[in-house]
>>> print(open('coords-v6.cif').read())   # mmCIF, C-alpha atoms; chains and numbers go by the auth columns
data_my_file
loop_
_atom_site.group_PDB
_atom_site.id
_atom_site.type_symbol
_atom_site.label_atom_id
_atom_site.label_comp_id
_atom_site.label_asym_id
_atom_site.label_seq_id
_atom_site.Cartn_x
_atom_site.Cartn_y
_atom_site.Cartn_z
_atom_site.B_iso_or_equiv
_atom_site.auth_seq_id
_atom_site.auth_asym_id
ATOM 1 C CA MET A 1 69.723 238.398 53.066 0.00 20 F
ATOM 2 C CA VAL A 2 69.610 234.616 53.399 0.00 21 F
ATOM 3 C CA MET A 3 70.504 232.660 50.291 0.00 22 F
ATOM 4 C CA PRO A 4 67.723 230.235 49.308 0.00 23 F
ATOM 5 C CA GLU A 5 68.738 226.615 49.618 0.00 24 F
ATOM 6 C CA THR A 6 66.547 224.814 47.108 0.00 25 F
ATOM 7 C CA ILE A 7 66.048 225.357 43.410 0.00 26 F
ATOM 8 C CA GLY A 8 62.365 226.136 43.932 0.00 27 F
ATOM 9 C CA GLU A 9 63.215 228.880 46.439 0.00 28 F
ATOM 10 C CA GLN A 10 65.914 230.255 44.125 0.00 29 F
ATOM 11 C CA LEU A 11 63.510 230.454 41.195 0.00 30 F
ATOM 12 C CA ARG A 12 60.785 232.073 43.303 0.00 31 F
ATOM 13 C CA GLN A 13 63.238 234.613 44.699 0.00 32 F
ATOM 14 C CA ALA A 14 64.585 235.460 41.219 0.00 33 F
ATOM 15 C CA ARG A 15 61.027 235.937 39.970 0.00 34 F
ATOM 16 C CA GLU A 16 60.049 238.132 42.918 0.00 35 F
ATOM 17 C CA GLU A 17 63.228 240.238 42.613 0.00 36 F
ATOM 18 C CA ARG A 18 62.245 241.032 39.021 0.00 37 F
ATOM 19 C CA ASP A 19 58.658 241.656 40.155 0.00 38 F
ATOM 20 C CA VAL A 20 57.301 239.129 37.651 0.00 39 F
ATOM 21 C CA PRO A 21 53.931 237.558 38.460 0.00 40 F
ATOM 22 C CA LEU A 22 53.691 233.782 38.233 0.00 41 F
ATOM 23 C CA ARG A 23 50.936 234.144 35.589 0.00 42 F
ATOM 24 C CA GLU A 24 53.400 235.957 33.285 0.00 43 F
ATOM 25 C CA VAL A 25 55.983 233.186 33.667 0.00 44 F
ATOM 26 C CA SER A 26 53.255 230.674 32.858 0.00 45 F
ATOM 27 C CA ASP A 27 52.095 232.612 29.787 0.00 46 F
ATOM 28 C CA GLN A 28 55.606 233.139 28.428 0.00 47 F
ATOM 29 C CA THR A 29 57.007 229.660 29.094 0.00 48 F
ATOM 30 C CA ARG A 30 53.721 227.839 28.377 0.00 49 F
ATOM 31 C CA ILE A 31 54.148 225.891 31.606 0.00 50 F
ATOM 32 C CA SER A 32 50.994 225.373 33.639 0.00 51 F
ATOM 33 C CA ILE A 33 50.763 227.686 36.646 0.00 52 F
ATOM 34 C CA HIS A 34 50.124 224.589 38.782 0.00 53 F
ATOM 35 C CA TYR A 35 53.466 223.156 37.673 0.00 54 F
ATOM 36 C CA LEU A 36 55.239 226.449 38.400 0.00 55 F
ATOM 37 C CA GLU A 37 53.715 226.508 41.879 0.00 56 F
ATOM 38 C CA ALA A 38 54.903 222.918 42.409 0.00 57 F
ATOM 39 C CA ILE A 39 58.436 223.886 41.298 0.00 58 F
ATOM 40 C CA GLU A 40 58.536 226.823 43.728 0.00 59 F
ATOM 41 C CA ALA A 41 57.305 224.532 46.514 0.00 60 F
ATOM 42 C CA ASN A 42 59.903 221.876 45.547 0.00 61 F
ATOM 43 C CA GLU A 43 57.090 219.383 45.007 0.00 62 F
ATOM 44 C CA PHE A 44 58.511 217.843 41.856 0.00 63 F
ATOM 45 C CA ASN A 45 56.361 214.752 42.315 0.00 64 F
ATOM 46 C CA ARG A 46 53.434 216.894 41.082 0.00 65 F
ATOM 47 C CA LEU A 47 55.206 217.373 37.722 0.00 66 F
ATOM 48 C CA PRO A 48 55.140 214.887 34.815 0.00 67 F
ATOM 49 C CA GLY A 49 58.666 213.702 35.650 0.00 68 F
ATOM 50 C CA GLY A 50 61.908 212.936 33.817 0.00 69 F
ATOM 51 C CA ILE A 51 62.970 215.241 31.042 0.00 70 F
ATOM 52 C CA PHE A 52 59.834 217.362 31.473 0.00 71 F
ATOM 53 C CA ASN A 53 60.894 218.413 34.961 0.00 72 F
ATOM 54 C CA ARG A 54 64.331 219.423 33.713 0.00 73 F
ATOM 55 C CA SER A 55 62.826 221.323 30.799 0.00 74 F
ATOM 56 C CA PHE A 56 60.412 223.169 33.070 0.00 75 F
ATOM 57 C CA VAL A 57 63.176 224.148 35.491 0.00 76 F
ATOM 58 C CA LYS A 58 65.390 225.265 32.609 0.00 77 F
ATOM 59 C CA ALA A 59 62.644 227.339 30.949 0.00 78 F
ATOM 60 C CA TYR A 60 61.661 228.919 34.265 0.00 79 F
ATOM 61 C CA ALA A 61 65.295 229.784 35.056 0.00 80 F
ATOM 62 C CA ARG A 62 65.822 231.274 31.585 0.00 81 F
ATOM 63 C CA TYR A 63 62.724 233.446 31.901 0.00 82 F
ATOM 64 C CA VAL A 64 63.634 234.855 35.317 0.00 83 F
ATOM 65 C CA GLY A 65 67.258 235.464 34.298 0.00 84 F
ATOM 66 C CA MET A 66 68.966 232.658 36.204 0.00 85 F
ATOM 67 C CA ASP A 67 71.800 230.548 34.826 0.00 86 F
ATOM 68 C CA GLU A 68 70.005 227.582 33.222 0.00 87 F
ATOM 69 C CA LYS A 69 72.898 225.178 33.676 0.00 88 F
ATOM 70 C CA LYS A 70 73.225 226.013 37.370 0.00 89 F
ATOM 71 C CA ALA A 71 69.467 225.662 37.800 0.00 90 F
ATOM 72 C CA ILE A 72 69.574 222.141 36.319 0.00 91 F
ATOM 73 C CA GLU A 73 72.548 221.247 38.526 0.00 92 F
ATOM 74 C CA ASP A 74 70.720 222.562 41.603 0.00 93 F
ATOM 75 C CA TYR A 75 67.597 220.639 40.589 0.00 94 F
ATOM 76 C CA THR A 76 69.647 217.429 40.216 0.00 95 F
ATOM 77 C CA LEU A 77 71.315 217.968 43.602 0.00 96 F
ATOM 78 C CA PHE A 78 67.947 218.613 45.226 0.00 97 F
ATOM 79 C CA MET A 79 66.467 215.456 43.719 0.00 98 F
ATOM 80 C CA ARG A 80 69.460 213.394 44.845 0.00 99 F
ATOM 81 C CA SER A 81 69.138 214.808 48.362 0.00 100 F
ATOM 82 C CA GLN A 82 65.522 213.622 48.313 0.00 101 F
ATOM 83 C CA GLY A 83 66.681 210.124 47.391 0.00 102 F
ATOM 84 C CA ASP A 84 65.374 210.305 43.822 0.00 103 F
ATOM 85 C CA LEU A 85 68.046 208.881 41.554 0.00 104 F
ATOM 86 C CA GLY A 86 65.678 208.446 38.609 0.00 105 F
ATOM 87 C CA ASP A 87 66.947 211.582 36.916 0.00 106 F
ATOM 88 C CA ASP A 88 70.515 210.269 36.837 0.00 107 F
ATOM 89 C CA VAL A 89 69.649 208.435 33.641 0.00 108 F
ATOM 90 C CA ALA A 90 68.711 211.706 31.950 0.00 109 F
ATOM 91 C CA SER A 91 71.891 213.419 33.160 0.00 110 F
ATOM 92 C CA THR A 92 74.164 210.647 31.896 0.00 111 F
ATOM 93 C CA PRO A 93 75.075 211.153 28.264 0.00 112 F
ATOM 94 C CA TYR A 94 73.841 208.321 26.105 0.00 113 F
ATOM 95 C CA HIS A 95 75.947 207.297 23.164 0.00 114 F
ATOM 96 C CA SER A 96 73.929 205.289 20.717 0.00 115 F
ATOM 97 C CA LYS A 97 75.783 202.801 18.616 0.00 116 F
ATOM 98 C CA VAL A 98 75.477 203.645 14.961 0.00 117 F
ATOM 99 C CA TYR A 99 76.216 200.927 12.458 0.00 118 F
ATOM 100 C CA THR A 100 78.667 203.156 10.592 0.00 119 F
ATOM 101 C CA ASP A 101 80.750 203.562 13.772 0.00 120 F
ATOM 102 C CA THR A 102 81.968 199.972 13.538 0.00 121 F
ATOM 103 C CA PRO A 103 84.700 199.088 11.079 0.00 122 F
ATOM 104 C CA ALA A 104 83.640 197.126 8.020 0.00 123 F
ATOM 105 C CA THR A 105 84.019 193.399 8.574 0.00 124 F
ATOM 106 C CA ARG A 106 83.885 192.587 4.873 0.00 125 F
ATOM 107 C CA SER A 107 86.094 193.861 2.111 0.00 126 F
ATOM 108 C CA PRO A 108 84.424 196.402 -0.197 0.00 127 F
ATOM 109 C CA ILE A 109 85.729 194.366 -3.156 0.00 128 F
ATOM 110 C CA LEU A 110 83.947 191.262 -1.851 0.00 129 F
ATOM 111 C CA THR A 111 80.747 193.297 -1.497 0.00 130 F
ATOM 112 C CA VAL A 112 81.006 194.461 -5.127 0.00 131 F
ATOM 113 C CA VAL A 113 81.707 190.918 -6.359 0.00 132 F
ATOM 114 C CA LEU A 114 78.740 189.512 -4.407 0.00 133 F
ATOM 115 C CA THR A 115 76.504 192.254 -5.789 0.00 134 F
ATOM 116 C CA ILE A 116 77.574 191.472 -9.367 0.00 135 F
ATOM 117 C CA VAL A 117 77.008 187.713 -8.837 0.00 136 F
ATOM 118 C CA ILE A 118 73.536 188.297 -7.386 0.00 137 F
ATOM 119 C CA LEU A 119 72.595 190.653 -10.233 0.00 138 F
ATOM 120 C CA ALA A 120 73.917 188.142 -12.811 0.00 139 F
ATOM 121 C CA LEU A 121 71.829 185.342 -11.275 0.00 140 F
ATOM 122 C CA LEU A 122 68.711 187.531 -11.249 0.00 141 F
ATOM 123 C CA THR A 123 69.319 188.538 -14.875 0.00 142 F
ATOM 124 C CA ALA A 124 69.883 184.911 -15.956 0.00 143 F
ATOM 125 C CA GLY A 125 66.691 183.873 -14.173 0.00 144 F
ATOM 126 C CA ALA A 126 64.709 186.661 -15.847 0.00 145 F
ATOM 127 C CA LEU A 127 66.108 185.749 -19.282 0.00 146 F
ATOM 128 C CA ALA A 128 65.332 182.030 -18.748 0.00 147 F
ATOM 129 C CA LEU A 129 61.772 182.910 -17.723 0.00 148 F
ATOM 130 C CA LEU A 130 61.393 185.126 -20.808 0.00 149 F
ATOM 131 C CA LYS A 131 62.705 182.375 -23.140 0.00 150 F
ATOM 132 C CA TRP A 132 60.346 179.818 -21.560 0.00 151 F
ATOM 133 C CA TYR A 133 57.400 182.203 -21.996 0.00 152 F
ATOM 134 C CA GLN A 134 58.309 182.808 -25.663 0.00 153 F
ATOM 135 C CA GLN A 135 58.512 179.047 -26.320 0.00 154 F
ATOM 136 C CA LYS A 136 55.114 178.488 -24.714 0.00 155 F
ATOM 137 C CA SER A 137 53.638 181.275 -26.814 0.00 156 F
ATOM 138 C CA ALA A 138 55.142 179.812 -30.005 0.00 157 F
ATOM 139 C CA GLU A 139 53.623 176.380 -29.269 0.00 158 F
ATOM 140 C CA VAL A 140 50.156 177.844 -28.760 0.00 159 F
ATOM 141 C CA ARG A 141 50.200 179.917 -31.999 0.00 160 F
ATOM 142 C CA PRO A 142 50.596 177.092 -34.561 0.00 161 F
ATOM 143 C CA ALA A 143 47.867 175.073 -32.886 0.00 162 F
ATOM 144 C CA SER A 144 45.451 177.970 -33.133 0.00 163 F
ATOM 145 C CA TYR A 145 46.342 178.515 -36.821 0.00 164 F
ATOM 146 C CA SER A 146 45.659 174.874 -37.665 0.00 165 F
ATOM 147 C CA GLN A 147 42.244 175.060 -36.010 0.00 166 F
ATOM 148 C CA VAL A 148 41.353 178.150 -38.045 0.00 167 F
ATOM 149 C CA ALA A 149 42.427 176.452 -41.341 0.00 168 F
ATOM 150 C CA ALA A 150 40.290 173.416 -40.658 0.00 169 F
#
>>> encode(input="coords-v6.cif", output="structure tokens")
Amino acid sequence: MVMPETIGEQLRQAREERDVPLREVSDQTRISIHYLEAIEANEFNRLPGGIFNRSFVKAYARYVGMDEKKAIEDYTLFMRSQGDLGDDVASTPYHSKVYTDTPATRSPILTVVLTIVILALLTAGALALLKWYQQKSAEVRPASYSQVAA
């Protein structure tokens, strides 16, 4: 028996060996039968692209009992042989930079001191505003009392 060369042929052969109809694979993986047909025909340009293609190949391989990792590797090799390097981005691990990964540039003591200073200034401002408001209220009250007495 000749070993299939492409991932599409491998998946089709694995499905046929298990005597699984394509409709069943579609129903169980929730992948459109048109997409499954495109995978078996190695017409990956008919699929949505990127991570979807990888996910479809992986789900198909899992359902027909193939090694998922090998299926993805074979898919990547096939795409590279076709000159499509677009999937290399998805196969390269991406390490996002998280702010907590960088060492602190400021001393924690300085941060605490700055926080206390800012809170003190806000409190002083609020107290000054309150005192001003109370003085304004006190000035208005006697004037209103003198008008009532007259």
>>> resolve_selection(input="coords-v6.cif", expression="the PyMOL selection byres ((chain F and resi 90) around 10)", output="count of residues only")
23
>>> closest_residue(input="coords-v6.cif", among="F:Ala143, F:Glu56, F:Ser100, F:Val83", to="Glu36 of chain F", atoms="all atoms listed in the file")
F:Val83
>>> atom_distance(input="coords-v6.cif", atom1="atom CA of Glu59 of chain F", atom2="atom CA of Glu28 of chain F")
5.8 Å
>>> atom_distance(input="coords-v6.cif", atom1="atom CA of Met98 of chain F", atom2="atom CA of Ile58 of chain F")
11.9 Å
>>> atom_distance(input="coords-v6.cif", atom1="atom CA of Gln101 of chain F", atom2="atom CA of Ala33 of chain F")
23.0 Å
>>> residues_around(input="coords-v6.cif", residues="Leu41 of chain F", least_positions_apart="5", cutoff="8 Å", atoms="only C-alpha atoms", output="PyMOL selection string")
chain F and resi 34+52+55
>>> write_last_selection(input="coords-v6.cif", atoms="C-alpha atoms", output="JSON list (two decimals), keeping the file's coordinate frame")
[["chain", "number", "residue", "atom", "x", "y", "z"],
["F", 34, "ARG", "CA", 61.03, 235.94, 39.97],
["F", 52, "ILE", "CA", 50.76, 227.69, 36.65],
["F", 55, "LEU", "CA", 55.24, 226.45, 38.40]]
>>> residues_around(input="coords-v6.cif", residues="Arg42 of chain F", least_positions_apart="4", cutoff="10 Å", atoms="all atoms listed in the file", output="PyMOL selection string")
chain F and resi 46-52+55
>>> closest_residue(input="coords-v6.cif", among="F:Tyr54, F:Ile135, F:Asp38, F:Leu146", to="Gly68 of chain F", atoms="all atoms listed in the file")
F:Tyr54
>>> axis_aligned_box(input="coords-v6.cif", around="segment 89-102 of chain F", padding_each_side="5 Å", output="AutoDock Vina command-line options")
--center_x 69.4 --center_y 218.1 --center_z 42.3 --size_x 17.7 --size_y 25.9 --size_z 22.0
>>> closest_residue(input="coords-v6.cif", among="F:Thr124, F:Phe97, F:Ala157, F:Val132", to="Asn61 of chain F", atoms="only C-alpha atoms")
F:Phe97
